[in-house]
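A.B. asks: Contents are TSV, N, CA and C atoms; file name entry-v5.tsv:
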```
chain	number	residue	atom	x	y	z
K	1	GLN	N	32.57	-30.69	10.14
K	1	GLN	CA	33.82	-30.39	9.45
K	1	GLN	C	34.96	-31.14	10.16
K	2	VAL	N	35.75	-31.86	9.37
K	2	VAL	CA	36.84	-32.64	9.93
K	2	VAL	C	38.02	-31.72	10.23
K	3	GLN	N	38.59	-31.93	11.40
K	3	GLN	CA	39.78	-31.17	11.78
K	3	GLN	C	40.90	-32.13	12.19
K	4	LEU	N	42.10	-31.84	11.72
K	4	LEU	CA	43.29	-32.60	12.07
K	4	LEU	C	44.20	-31.69	12.88
K	5	VAL	N	44.61	-32.16	14.05
K	5	VAL	CA	45.51	-31.37	14.88
K	5	VAL	C	46.71	-32.23	15.25
K	6	GLU	N	47.86	-31.82	14.74
K	6	GLU	CA	49.11	-32.52	15.02
K	6	GLU	C	49.89	-31.79	16.12
K	7	SER	N	50.60	-32.56	16.92
K	7	SER	CA	51.39	-31.96	17.99
K	7	SER	C	52.57	-32.87	18.32
K	8	GLY	N	53.48	-32.34	19.13
K	8	GLY	CA	54.59	-33.15	19.60
K	8	GLY	C	55.93	-32.86	18.93
K	9	GLY	N	55.92	-32.01	17.92
K	9	GLY	CA	57.17	-31.70	17.25
K	9	GLY	C	58.06	-30.82	18.12
K	10	GLY	N	59.24	-30.54	17.59
K	10	GLY	CA	60.19	-29.70	18.30
K	10	GLY	C	61.57	-29.85	17.72
K	11	SER	N	62.53	-29.33	18.45
K	11	SER	CA	63.92	-29.42	18.04
K	11	SER	C	64.62	-30.47	18.89
K	12	VAL	N	65.35	-31.36	18.24
K	12	VAL	CA	66.01	-32.45	18.94
K	12	VAL	C	67.36	-32.70	18.30
K	13	GLN	N	68.31	-33.15	19.09
K	13	GLN	CA	69.62	-33.48	18.55
K	13	GLN	C	69.58	-34.79	17.79
K	14	ALA	N	70.48	-34.91	16.84
K	14	ALA	CA	70.60	-36.15	16.09
K	14	ALA	C	70.77	-37.32	17.05
K	15	GLY	N	70.05	-38.40	16.75
K	15	GLY	CA	70.08	-39.57	17.62
K	15	GLY	C	68.96	-39.57	18.64
K	16	GLY	N	68.28	-38.46	18.77
K	16	GLY	CA	67.21	-38.34	19.76
K	16	GLY	C	65.89	-38.90	19.26
K	17	SER	N	64.85	-38.71	20.09
K	17	SER	CA	63.54	-39.26	19.81
K	17	SER	C	62.45	-38.21	20.03
K	18	LEU	N	61.37	-38.37	19.32
K	18	LEU	CA	60.17	-37.57	19.51
K	18	LEU	C	58.97	-38.46	19.24
K	19	THR	N	57.85	-38.14	19.88
K	19	THR	CA	56.60	-38.82	19.58
K	19	THR	C	55.56	-37.78	19.18
K	20	LEU	N	55.04	-37.95	17.99
K	20	LEU	CA	54.03	-37.04	17.45
K	20	LEU	C	52.64	-37.61	17.69
K	21	SER	N	51.68	-36.71	17.83
K	21	SER	CA	50.29	-37.10	17.99
K	21	SER	C	49.44	-36.37	16.96
K	22	CYS	N	48.37	-37.02	16.56
K	22	CYS	CA	47.41	-36.41	15.64
K	22	CYS	C	46.01	-36.79	16.12
K	23	THR	N	45.21	-35.80	16.36
K	23	THR	CA	43.84	-36.03	16.79
K	23	THR	C	42.88	-35.58	15.69
K	24	VAL	N	41.91	-36.44	15.40
K	24	VAL	CA	40.93	-36.19	14.36
K	24	VAL	C	39.58	-35.92	15.01
K	25	SER	N	38.95	-34.86	14.61
K	25	SER	CA	37.61	-34.56	15.12
K	25	SER	C	36.66	-34.31	13.97
K	26	GLY	N	35.37	-34.51	14.22
K	26	GLY	CA	34.35	-34.21	13.22
K	26	GLY	C	33.99	-35.37	12.30
K	27	THR	N	34.53	-36.57	12.59
K	27	THR	CA	34.19	-37.70	11.74
K	27	THR	C	34.45	-39.00	12.51
K	28	THR	N	33.96	-40.11	11.93
K	28	THR	CA	34.24	-41.42	12.49
K	28	THR	C	35.65	-41.81	12.10
K	29	PHE	N	36.44	-42.13	13.09
K	29	PHE	CA	37.87	-42.32	12.86
K	29	PHE	C	38.24	-43.74	12.55
K	30	ASN	N	37.56	-44.71	13.11
K	30	ASN	CA	38.12	-46.06	13.15
K	30	ASN	C	37.94	-46.86	11.87
K	31	ALA	N	37.34	-46.27	10.85
K	31	ALA	CA	37.02	-47.06	9.67
K	31	ALA	C	38.11	-47.05	8.59
K	32	GLY	N	39.03	-46.13	8.66
K	32	GLY	CA	39.94	-45.99	7.54
K	32	GLY	C	41.40	-46.10	7.87
K	33	ALA	N	42.20	-46.34	6.84
K	33	ALA	CA	43.65	-46.33	6.99
K	33	ALA	C	44.12	-44.90	7.18
K	34	MET	N	45.05	-44.74	8.11
K	34	MET	CA	45.61	-43.42	8.39
K	34	MET	C	47.09	-43.41	8.02
K	35	ALA	N	47.62	-42.22	7.85
K	35	ALA	CA	49.01	-42.10	7.43
K	35	ALA	C	49.65	-40.85	8.01
K	36	TRP	N	50.95	-40.94	8.18
K	36	TRP	CA	51.77	-39.78	8.50
K	36	TRP	C	52.54	-39.39	7.24
K	37	TYR	N	52.61	-38.10	7.01
K	37	TYR	CA	53.33	-37.54	5.88
K	37	TYR	C	54.33	-36.52	6.42
K	38	ARG	N	55.32	-36.19	5.60
K	38	ARG	CA	56.22	-35.11	5.97
K	38	ARG	C	56.62	-34.33	4.72
K	39	GLN	N	56.92	-33.07	4.95
K	39	GLN	CA	57.36	-32.21	3.86
K	39	GLN	C	58.55	-31.40	4.33
K	40	ALA	N	59.68	-31.65	3.71
K	40	ALA	CA	60.90	-30.91	4.01
K	40	ALA	C	60.95	-29.66	3.14
K	41	PRO	N	61.69	-28.66	3.54
K	41	PRO	CA	61.78	-27.42	2.75
K	41	PRO	C	62.22	-27.71	1.32
K	42	GLY	N	61.47	-27.18	0.37
K	42	GLY	CA	61.81	-27.33	-1.03
K	42	GLY	C	61.51	-28.69	-1.62
K	43	LYS	N	60.85	-29.55	-0.85
K	43	LYS	CA	60.54	-30.90	-1.35
K	43	LYS	C	59.05	-31.16	-1.32
K	44	GLN	N	58.63	-32.18	-2.05
K	44	GLN	CA	57.22	-32.55	-2.07
K	44	GLN	C	56.87	-33.33	-0.80
K	45	ARG	N	55.60	-33.32	-0.49
K	45	ARG	CA	55.12	-34.09	0.65
K	45	ARG	C	55.40	-35.57	0.41
K	46	GLU	N	55.85	-36.25	1.45
K	46	GLU	CA	56.26	-37.64	1.35
K	46	GLU	C	55.45	-38.50	2.33
K	47	LEU	N	54.99	-39.65	1.88
K	47	LEU	CA	54.31	-40.59	2.76
K	47	LEU	C	55.36	-41.29	3.61
K	48	VAL	N	55.18	-41.27	4.92
K	48	VAL	CA	56.18	-41.82	5.83
K	48	VAL	C	55.73	-43.15	6.42
K	49	ALA	N	54.50	-43.21	6.90
K	49	ALA	CA	54.02	-44.42	7.58
K	49	ALA	C	52.51	-44.52	7.44
K	50	THR	N	52.03	-45.75	7.41
K	50	THR	CA	50.59	-45.98	7.32
K	50	THR	C	50.17	-46.99	8.38
K	51	ILE	N	48.91	-46.91	8.76
K	51	ILE	CA	48.38	-47.88	9.71
K	51	ILE	C	46.92	-48.15	9.37
K	52	LEU	N	46.60	-49.44	9.23
K	52	LEU	CA	45.24	-49.85	8.92
K	52	LEU	C	44.39	-49.86	10.20
K	53	PRO	N	43.07	-49.93	10.05
K	53	PRO	CA	42.22	-49.97	11.24
K	53	PRO	C	42.55	-51.13	12.18
K	54	ASN	N	43.07	-52.23	11.64
K	54	ASN	CA	43.41	-53.39	12.49
K	54	ASN	C	44.82	-53.31	13.06
K	55	GLY	N	45.52	-52.20	12.77
K	55	GLY	CA	46.84	-51.99	13.35
K	55	GLY	C	48.01	-52.38	12.49
K	56	ILE	N	47.76	-52.99	11.35
K	56	ILE	CA	48.86	-53.35	10.45
K	56	ILE	C	49.51	-52.08	9.94
K	57	ASP	N	50.84	-52.02	10.03
K	57	ASP	CA	51.55	-50.80	9.68
K	57	ASP	C	52.56	-51.03	8.56
K	58	SER	N	52.96	-49.93	7.94
K	58	SER	CA	54.00	-49.99	6.91
K	58	SER	C	54.76	-48.67	6.90
K	59	TYR	N	55.97	-48.68	6.34
K	59	TYR	CA	56.85	-47.52	6.41
K	59	TYR	C	57.63	-47.33	5.13
K	60	VAL	N	57.98	-46.09	4.87
K	60	VAL	CA	58.92	-45.82	3.79
K	60	VAL	C	60.29	-46.35	4.23
K	61	ASP	N	61.10	-46.79	3.27
K	61	ASP	CA	62.36	-47.44	3.61
K	61	ASP	C	63.25	-46.60	4.51
K	62	SER	N	63.23	-45.30	4.32
K	62	SER	CA	64.17	-44.43	5.05
K	62	SER	C	63.89	-44.37	6.55
K	63	VAL	N	62.71	-44.80	6.98
K	63	VAL	CA	62.40	-44.75	8.41
K	63	VAL	C	62.17	-46.12	9.03
K	64	LYS	N	62.23	-47.16	8.23
K	64	LYS	CA	62.00	-48.52	8.75
K	64	LYS	C	63.00	-48.83	9.85
K	65	GLY	N	62.49	-49.41	10.92
K	65	GLY	CA	63.34	-49.75	12.05
K	65	GLY	C	63.56	-48.59	13.01
K	66	ARG	N	63.15	-47.39	12.63
K	66	ARG	CA	63.34	-46.22	13.51
K	66	ARG	C	62.02	-45.61	13.96
K	67	PHE	N	61.00	-45.64	13.11
K	67	PHE	CA	59.71	-45.04	13.41
K	67	PHE	C	58.68	-46.13	13.69
K	68	ILE	N	57.75	-45.82	14.57
K	68	ILE	CA	56.64	-46.72	14.87
K	68	ILE	C	55.35	-45.92	14.86
K	69	VAL	N	54.40	-46.36	14.04
K	69	VAL	CA	53.09	-45.70	13.97
K	69	VAL	C	52.08	-46.53	14.77
K	70	SER	N	51.20	-45.84	15.44
K	70	SER	CA	50.15	-46.53	16.21
K	70	SER	C	48.89	-45.67	16.19
K	71	ARG	N	47.79	-46.28	16.63
K	71	ARG	CA	46.54	-45.54	16.65
K	71	ARG	C	45.71	-45.97	17.85
K	72	ASN	N	44.87	-45.06	18.30
K	72	ASN	CA	43.91	-45.34	19.35
K	72	ASN	C	42.55	-44.92	18.82
K	73	ASN	N	41.78	-45.86	18.35
K	73	ASN	CA	40.51	-45.54	17.71
K	73	ASN	C	39.53	-44.90	18.70
K	74	ALA	N	39.62	-45.30	19.95
K	74	ALA	CA	38.72	-44.73	20.95
K	74	ALA	C	38.99	-43.25	21.18
K	75	LYS	N	40.24	-42.85	20.95
K	75	LYS	CA	40.62	-41.44	21.15
K	75	LYS	C	40.72	-40.68	19.83
K	76	ASN	N	40.34	-41.33	18.73
K	76	ASN	CA	40.44	-40.67	17.43
K	76	ASN	C	41.84	-40.11	17.20
K	77	SER	N	42.84	-40.89	17.54
K	77	SER	CA	44.20	-40.38	17.48
K	77	SER	C	45.14	-41.38	16.82
K	78	VAL	N	46.16	-40.83	16.20
K	78	VAL	CA	47.23	-41.63	15.61
K	78	VAL	C	48.54	-41.03	16.07
K	79	TYR	N	49.54	-41.87	16.23
K	79	TYR	CA	50.81	-41.44	16.81
K	79	TYR	C	51.98	-41.88	15.93
K	80	LEU	N	53.10	-41.17	16.07
K	80	LEU	CA	54.31	-41.56	15.37
K	80	LEU	C	55.48	-41.42	16.33
K	81	GLN	N	56.00	-42.55	16.74
K	81	GLN	CA	57.19	-42.55	17.59
K	81	GLN	C	58.40	-42.57	16.67
K	82	MET	N	59.29	-41.60	16.85
K	82	MET	CA	60.44	-41.44	15.98
K	82	MET	C	61.72	-41.56	16.80
K	83	ASN	N	62.54	-42.51	16.44
K	83	ASN	CA	63.79	-42.77	17.15
K	83	ASN	C	64.98	-42.59	16.21
K	84	SER	N	66.16	-42.46	16.81
K	84	SER	CA	67.41	-42.33	16.04
K	84	SER	C	67.27	-41.30	14.93
K	85	LEU	N	66.78	-40.15	15.30
K	85	LEU	CA	66.51	-39.10	14.30
K	85	LEU	C	67.80	-38.57	13.70
K	86	THR	N	67.70	-38.23	12.42
K	86	THR	CA	68.82	-37.62	11.69
K	86	THR	C	68.35	-36.31	11.06
K	87	SER	N	69.28	-35.55	10.53
K	87	SER	CA	68.93	-34.28	9.90
K	87	SER	C	68.00	-34.49	8.71
K	88	GLU	N	68.05	-35.66	8.11
K	88	GLU	CA	67.16	-35.97	6.97
K	88	GLU	C	65.70	-36.07	7.39
K	89	ASP	N	65.46	-36.20	8.68
K	89	ASP	CA	64.08	-36.28	9.17
K	89	ASP	C	63.47	-34.90	9.43
K	90	THR	N	64.24	-33.85	9.29
K	90	THR	CA	63.73	-32.50	9.50
K	90	THR	C	62.64	-32.19	8.47
K	91	ALA	N	61.46	-31.84	8.96
K	91	ALA	CA	60.32	-31.59	8.07
K	91	ALA	C	59.11	-31.18	8.91
K	92	VAL	N	58.06	-30.77	8.21
K	92	VAL	CA	56.76	-30.61	8.85
K	92	VAL	C	56.01	-31.93	8.69
K	93	TYR	N	55.55	-32.47	9.80
K	93	TYR	CA	54.86	-33.76	9.79
K	93	TYR	C	53.35	-33.54	9.93
K	94	SER	N	52.60	-34.23	9.09
K	94	SER	CA	51.14	-34.11	9.09
K	94	SER	C	50.52	-35.49	9.01
K	95	CYS	N	49.29	-35.59	9.48
K	95	CYS	CA	48.57	-36.86	9.33
K	95	CYS	C	47.35	-36.63	8.45
K	96	ASN	N	46.85	-37.70	7.87
K	96	ASN	CA	45.65	-37.64	7.06
K	96	ASN	C	45.23	-39.06	6.72
K	97	LYS	N	44.11	-39.19	6.05
K	97	LYS	CA	43.73	-40.50	5.55
K	97	LYS	C	44.78	-40.95	4.54
K	98	LEU	N	44.91	-42.24	4.39
K	98	LEU	CA	45.81	-42.76	3.38
K	98	LEU	C	45.20	-42.63	1.99
K	99	ARG	N	43.91	-42.86	1.90
K	99	ARG	CA	43.27	-42.90	0.59
K	99	ARG	C	42.48	-41.64	0.32
K	100	THR	N	42.32	-41.33	-0.94
K	100	THR	CA	41.54	-40.17	-1.34
K	100	THR	C	40.05	-40.50	-1.30
K	101	PRO	N	39.18	-39.51	-1.14
K	101	PRO	CA	39.55	-38.11	-0.93
K	101	PRO	C	40.03	-37.86	0.50
K	102	GLN	N	41.11	-37.14	0.63
K	102	GLN	CA	41.65	-36.85	1.94
K	102	GLN	C	40.94	-35.66	2.56
K	103	TRP	N	41.09	-35.57	3.87
K	103	TRP	CA	40.55	-34.42	4.57
K	103	TRP	C	41.41	-33.19	4.33
K	104	SER	N	40.89	-32.03	4.67
K	104	SER	CA	41.71	-30.82	4.60
K	104	SER	C	42.87	-30.96	5.58
K	105	TRP	N	44.03	-30.54	5.14
K	105	TRP	CA	45.23	-30.74	5.95
K	105	TRP	C	45.22	-29.82	7.17
K	106	GLY	N	45.76	-30.34	8.28
K	106	GLY	CA	46.00	-29.52	9.45
K	106	GLY	C	47.28	-28.71	9.26
K	107	ARG	N	47.70	-28.04	10.32
K	107	ARG	CA	48.90	-27.20	10.24
K	107	ARG	C	50.17	-28.04	10.26
K	108	GLY	N	50.08	-29.26	10.74
K	108	GLY	CA	51.28	-30.06	10.88
K	108	GLY	C	52.07	-29.67	12.12
K	109	THR	N	53.14	-30.41	12.35
K	109	THR	CA	54.02	-30.09	13.47
K	109	THR	C	55.47	-30.17	12.99
K	110	GLN	N	56.24	-29.15	13.31
K	110	GLN	CA	57.61	-29.03	12.81
K	110	GLN	C	58.55	-29.91	13.63
K	111	VAL	N	59.35	-30.69	12.94
K	111	VAL	CA	60.41	-31.47	13.57
K	111	VAL	C	61.74	-30.99	13.00
K	112	THR	N	62.61	-30.56	13.87
K	112	THR	CA	63.92	-30.09	13.46
K	112	THR	C	64.99	-30.90	14.18
K	113	VAL	N	65.85	-31.54	13.42
K	113	VAL	CA	66.92	-32.36	13.99
K	113	VAL	C	68.24	-31.65	13.78
K	114	THR	N	68.92	-31.36	14.87
K	114	THR	CA	70.18	-30.63	14.82
K	114	THR	C	71.36	-31.58	15.07
K	115	SER	N	72.47	-31.23	14.46
K	115	SER	CA	73.66	-32.09	14.64
K	115	SER	C	74.59	-31.51	15.70
```
Take the structure in the file and write it out as C-alpha coordinates.
C.D. replies:
Amino acid sequence: QVQLVESGGGSVQAGGSLTLSCTVSGTTFNAGAMAWYRQAPGKQRELVATILPNGIDSYVDSVKGRFIVSRNNAKNSVYLQMNSLTSEDTAVYSCNKLRTPQWSWGRGTQVTVTS
(Lines of atoms letter the chains of each structure in order from A and count residues from 1; the text may use other names and numbers.)
(Lines give C-alpha, C1' and ligand atoms only; values in the text may rest on other atoms or scores of the structure.)
Protein backbone atom coordinates (compact mmCIF):
# COMPACT_ATOMS: atom_id res chain seq x y z
CA GLN A 1 0.00 0.00 0.00
CA VAL A 2 1.41 3.37 -1.04
CA GLN A 3 1.73 5.99 1.66
CA LEU A 4 2.46 9.69 1.22
CA VAL A 5 3.76 11.63 4.19
CA GLU A 6 4.19 15.38 3.90
CA SER A 7 6.01 17.50 6.45
CA GLY A 8 7.68 20.85 6.96
CA GLY A 9 4.69 23.15 7.06
CA GLY A 10 4.05 25.76 9.70
CA SER A 11 3.30 29.38 10.31
CA VAL A 12 5.60 31.97 8.77
CA GLN A 13 5.54 35.70 8.26
CA ALA A 14 5.05 37.16 4.82
CA GLY A 15 8.35 37.24 2.98
CA GLY A 16 9.63 34.19 4.80
CA SER A 17 10.58 30.73 3.58
CA LEU A 18 9.67 27.11 4.23
CA THR A 19 10.82 23.83 2.77
CA LEU A 20 8.32 21.00 2.52
CA SER A 21 9.16 17.32 2.25
CA CYS A 22 7.16 14.39 0.96
CA THR A 23 8.21 10.79 1.43
CA VAL A 24 6.64 7.98 -0.58
CA SER A 25 6.62 4.42 0.68
CA GLY A 26 5.22 1.17 -0.67
CA THR A 27 6.12 1.63 -4.32
CA THR A 28 8.91 2.33 -6.79
CA PHE A 29 9.38 6.06 -6.75
CA ASN A 30 11.80 6.97 -9.48
CA ALA A 31 9.71 6.09 -12.52
CA GLY A 32 7.09 8.79 -12.53
CA ALA A 33 6.48 12.50 -12.58
CA MET A 34 5.68 13.91 -9.17
CA ALA A 35 3.79 17.03 -8.20
CA TRP A 36 3.00 19.33 -5.33
CA TYR A 37 -0.57 20.49 -4.91
CA ARG A 38 -2.23 22.91 -2.53
CA GLN A 39 -5.74 23.53 -1.35
CA ALA A 40 -6.74 26.79 0.28
CA PRO A 41 -9.91 27.05 2.40
CA GLY A 42 -12.98 27.10 0.21
CA LYS A 43 -11.00 26.48 -2.97
CA GLN A 44 -10.27 23.50 -5.19
CA ARG A 45 -6.98 21.69 -5.08
CA GLU A 46 -4.42 23.43 -7.28
CA LEU A 47 -1.37 22.02 -9.04
CA VAL A 48 1.64 24.05 -7.90
CA ALA A 49 4.79 22.37 -9.20
CA THR A 50 5.84 19.27 -11.09
CA ILE A 51 9.10 17.41 -11.48
CA LEU A 52 9.95 14.68 -13.96
CA PRO A 53 12.17 11.71 -13.11
CA ASN A 54 15.07 13.47 -14.87
CA GLY A 55 14.60 16.59 -12.75
CA ILE A 56 12.88 18.85 -15.27
CA ASP A 57 10.49 21.05 -13.33
CA SER A 58 7.55 23.35 -13.99
CA TYR A 59 5.41 25.71 -11.93
CA VAL A 60 2.10 27.47 -11.87
CA ASP A 61 2.57 31.15 -12.75
CA SER A 62 1.76 32.38 -9.26
CA VAL A 63 4.82 30.67 -7.74
CA LYS A 64 7.35 30.94 -10.56
CA GLY A 65 10.59 32.45 -9.35
CA ARG A 66 9.68 31.81 -5.71
CA PHE A 67 9.26 28.03 -5.36
CA ILE A 68 11.72 25.30 -6.26
CA VAL A 69 10.75 21.63 -6.52
CA SER A 70 13.32 18.87 -6.25
CA ARG A 71 13.45 15.13 -5.74
CA ASN A 72 15.76 12.49 -4.35
CA ASN A 73 14.90 9.19 -5.98
CA ALA A 74 17.20 7.26 -3.67
CA LYS A 75 15.22 8.54 -0.69
CA ASN A 76 11.80 8.26 -2.34
CA SER A 77 11.29 11.91 -1.53
CA VAL A 78 10.24 15.13 -3.19
CA TYR A 79 10.73 18.61 -1.79
CA LEU A 80 9.30 22.09 -2.24
CA GLN A 81 11.38 25.08 -1.27
CA MET A 82 9.11 28.10 -0.89
CA ASN A 83 10.50 31.62 -0.74
CA SER A 84 8.99 35.11 -0.54
CA LEU A 85 5.78 33.67 0.84
CA THR A 86 2.59 35.70 0.77
CA SER A 87 -0.84 35.24 2.34
CA GLU A 88 -2.00 33.82 -1.00
CA ASP A 89 0.24 30.83 -0.38
CA THR A 90 -1.69 29.81 2.73
CA ALA A 91 -3.03 26.30 2.10
CA VAL A 92 -2.64 22.62 2.82
CA TYR A 93 0.16 21.30 0.63
CA SER A 94 0.18 17.71 -0.61
CA CYS A 95 2.26 15.66 -3.00
CA ASN A 96 1.19 12.94 -5.41
CA LYS A 97 1.87 11.56 -8.84
CA LEU A 98 1.26 14.04 -11.62
CA ARG A 99 -0.63 11.58 -13.77
CA THR A 100 -3.62 9.41 -13.03
CA PRO A 101 -4.31 7.08 -11.46
CA GLN A 102 -2.97 8.90 -8.44
CA TRP A 103 -2.19 7.37 -5.12
CA SER A 104 -4.42 7.87 -2.09
CA TRP A 105 -3.74 11.32 -0.70
CA GLY A 106 -1.74 11.83 2.46
CA ARG A 107 -2.76 14.27 5.18
CA GLY A 108 -0.79 17.11 3.67
CA THR A 109 1.02 19.80 5.60
CA GLN A 110 -0.48 23.14 6.56
CA VAL A 111 1.28 26.33 5.51
CA THR A 112 0.03 29.54 7.04
CA VAL A 113 1.50 32.88 6.01
CA THR A 114 0.82 35.79 8.34
CA SER A 115 1.19 39.47 7.60
A.B. asks: Of the residues K:Thr86, K:Ala49, K:Gly108, K:Thr28, which is the one nearest to Asp61 in chain K, using only C-alpha atoms?
C.D. replies: K:Ala49
A.B. asks: Going by DSSP on the backbone, which bits of range 1-111 of chain K are strand (DSSP E or B)? Write them as a PyMOL selection string, please.
C.D. replies: chain K and resi 3-7+10-13+18-25+34-39+46-51+57-59+67-72+77-82+91-97+109-111
A.B. asks: Restrict the calculation to only N, CA and C atoms, then for each residue of range 30-68 of chain K with any atom at most 7 Å from an atom of range 72-85 of chain K give the closest atom pair and their distance in Å to one decimal, rows by chain and rising residue number, as JSON lines.
C.D. replies:
```
{"residue": "K:Asn30", "atom": "CA", "partner": "K:Asn73", "partner_atom": "CA", "distance": 5.2}
{"residue": "K:Gly65", "atom": "C", "partner": "K:Asn83", "partner_atom": "C", "distance": 6.9}
{"residue": "K:Arg66", "atom": "C", "partner": "K:Asn83", "partner_atom": "N", "distance": 4.0}
{"residue": "K:Phe67", "atom": "CA", "partner": "K:Gln81", "partner_atom": "C", "distance": 4.3}
{"residue": "K:Ile68", "atom": "C", "partner": "K:Gln81", "partner_atom": "N", "distance": 3.9}
```
A.B. asks: Residues within 10 Å of (56.9, -35.3, 8.8), file coordinates, counting only C-alpha atoms: what are they? Give the list as a short mmCIF file (atom, residue, chain, number, x, y, z; two decimals) with N, CA and C atoms, in the coordinates of the input.
C.D. replies:
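Produced file out36.cif, reproduced below:
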```
data_model
loop_
_atom_site.label_atom_id
_atom_site.label_comp_id
_atom_site.auth_asym_id
_atom_site.auth_seq_id
_atom_site.Cartn_x
_atom_site.Cartn_y
_atom_site.Cartn_z
N GLY K 9 55.92 -32.01 17.92
CA GLY K 9 57.17 -31.70 17.25
C GLY K 9 58.06 -30.82 18.12
N LEU K 20 55.04 -37.95 17.99
CA LEU K 20 54.03 -37.04 17.45
C LEU K 20 52.64 -37.61 17.69
N TRP K 36 50.95 -40.94 8.18
CA TRP K 36 51.77 -39.78 8.50
C TRP K 36 52.54 -39.39 7.24
N TYR K 37 52.61 -38.10 7.01
CA TYR K 37 53.33 -37.54 5.88
C TYR K 37 54.33 -36.52 6.42
N ARG K 38 55.32 -36.19 5.60
CA ARG K 38 56.22 -35.11 5.97
C ARG K 38 56.62 -34.33 4.72
N GLN K 39 56.92 -33.07 4.95
CA GLN K 39 57.36 -32.21 3.86
C GLN K 39 58.55 -31.40 4.33
N ALA K 40 59.68 -31.65 3.71
CA ALA K 40 60.90 -30.91 4.01
C ALA K 40 60.95 -29.66 3.14
N ARG K 45 55.60 -33.32 -0.49
CA ARG K 45 55.12 -34.09 0.65
C ARG K 45 55.40 -35.57 0.41
N GLU K 46 55.85 -36.25 1.45
CA GLU K 46 56.26 -37.64 1.35
C GLU K 46 55.45 -38.50 2.33
N LEU K 47 54.99 -39.65 1.88
CA LEU K 47 54.31 -40.59 2.76
C LEU K 47 55.36 -41.29 3.61
N VAL K 48 55.18 -41.27 4.92
CA VAL K 48 56.18 -41.82 5.83
C VAL K 48 55.73 -43.15 6.42
N ALA K 49 54.50 -43.21 6.90
CA ALA K 49 54.02 -44.42 7.58
C ALA K 49 52.51 -44.52 7.44
N LEU K 80 53.10 -41.17 16.07
CA LEU K 80 54.31 -41.56 15.37
C LEU K 80 55.48 -41.42 16.33
N ASP K 89 65.46 -36.20 8.68
CA ASP K 89 64.08 -36.28 9.17
C ASP K 89 63.47 -34.90 9.43
N THR K 90 64.24 -33.85 9.29
CA THR K 90 63.73 -32.50 9.50
C THR K 90 62.64 -32.19 8.47
N ALA K 91 61.46 -31.84 8.96
CA ALA K 91 60.32 -31.59 8.07
C ALA K 91 59.11 -31.18 8.91
N VAL K 92 58.06 -30.77 8.21
CA VAL K 92 56.76 -30.61 8.85
C VAL K 92 56.01 -31.93 8.69
N TYR K 93 55.55 -32.47 9.80
CA TYR K 93 54.86 -33.76 9.79
C TYR K 93 53.35 -33.54 9.93
N SER K 94 52.60 -34.23 9.09
CA SER K 94 51.14 -34.11 9.09
C SER K 94 50.52 -35.49 9.01
N CYS K 95 49.29 -35.59 9.48
CA CYS K 95 48.57 -36.86 9.33
C CYS K 95 47.35 -36.63 8.45
N GLY K 108 50.08 -29.26 10.74
CA GLY K 108 51.28 -30.06 10.88
C GLY K 108 52.07 -29.67 12.12
N THR K 109 53.14 -30.41 12.35
CA THR K 109 54.02 -30.09 13.47
C THR K 109 55.47 -30.17 12.99
N GLN K 110 56.24 -29.15 13.31
CA GLN K 110 57.61 -29.03 12.81
C GLN K 110 58.55 -29.91 13.63
N VAL K 111 59.35 -30.69 12.94
CA VAL K 111 60.41 -31.47 13.57
C VAL K 111 61.74 -30.99 13.00
N THR K 112 62.61 -30.56 13.87
CA THR K 112 63.92 -30.09 13.46
C THR K 112 64.99 -30.90 14.18
#
```
A.B. asks: Name the residues in contact with Thr50 in chain K at a cut-off of 8 Å, using only C-alpha atoms, excluding same-chain residues fewer than 4 positions from it; report them as a ChimeraX atom specification.
C.D. replies: /K:33-36,57-59,69,98
A.B. asks: What does the distance between atom C of Gly16 in chain K and CA of Ile51 in chain K come to in Å, to one decimal place?
C.D. replies: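 Separating atom C of Gly16 in chain K from CA of Ile51 in chain K is a distance of 21.9 Å.
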A.B. asks: Using only N, CA and C atoms, can you tell me which of K:Val60, K:Thr100, K:Glu88, K:Gly42 comes closest to Val113 in chain K?
C.D. replies: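 Ranking K:Val60, K:Thr100, K:Glu88, K:Gly42 by distance to Val113 in chain K, first place goes to K:Glu88.
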A.B. asks: Quick one: pull the distance between atom N of Ile56 in chain K and CA of Arg71 in chain K, Å, one decimal.
C.D. replies: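 Spanning atom N of Ile56 in chain K to CA of Arg71 in chain K is a straight-line distance of 9.2 Å.
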A.B. asks: Enter the distance from atom N of Thr27 in chain K to atom C of Gly8 in chain K, in Å, rounded to one decimal.
C.D. replies: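 Separating atom N of Thr27 in chain K from atom C of Gly8 in chain K is a distance of 22.6 Å.
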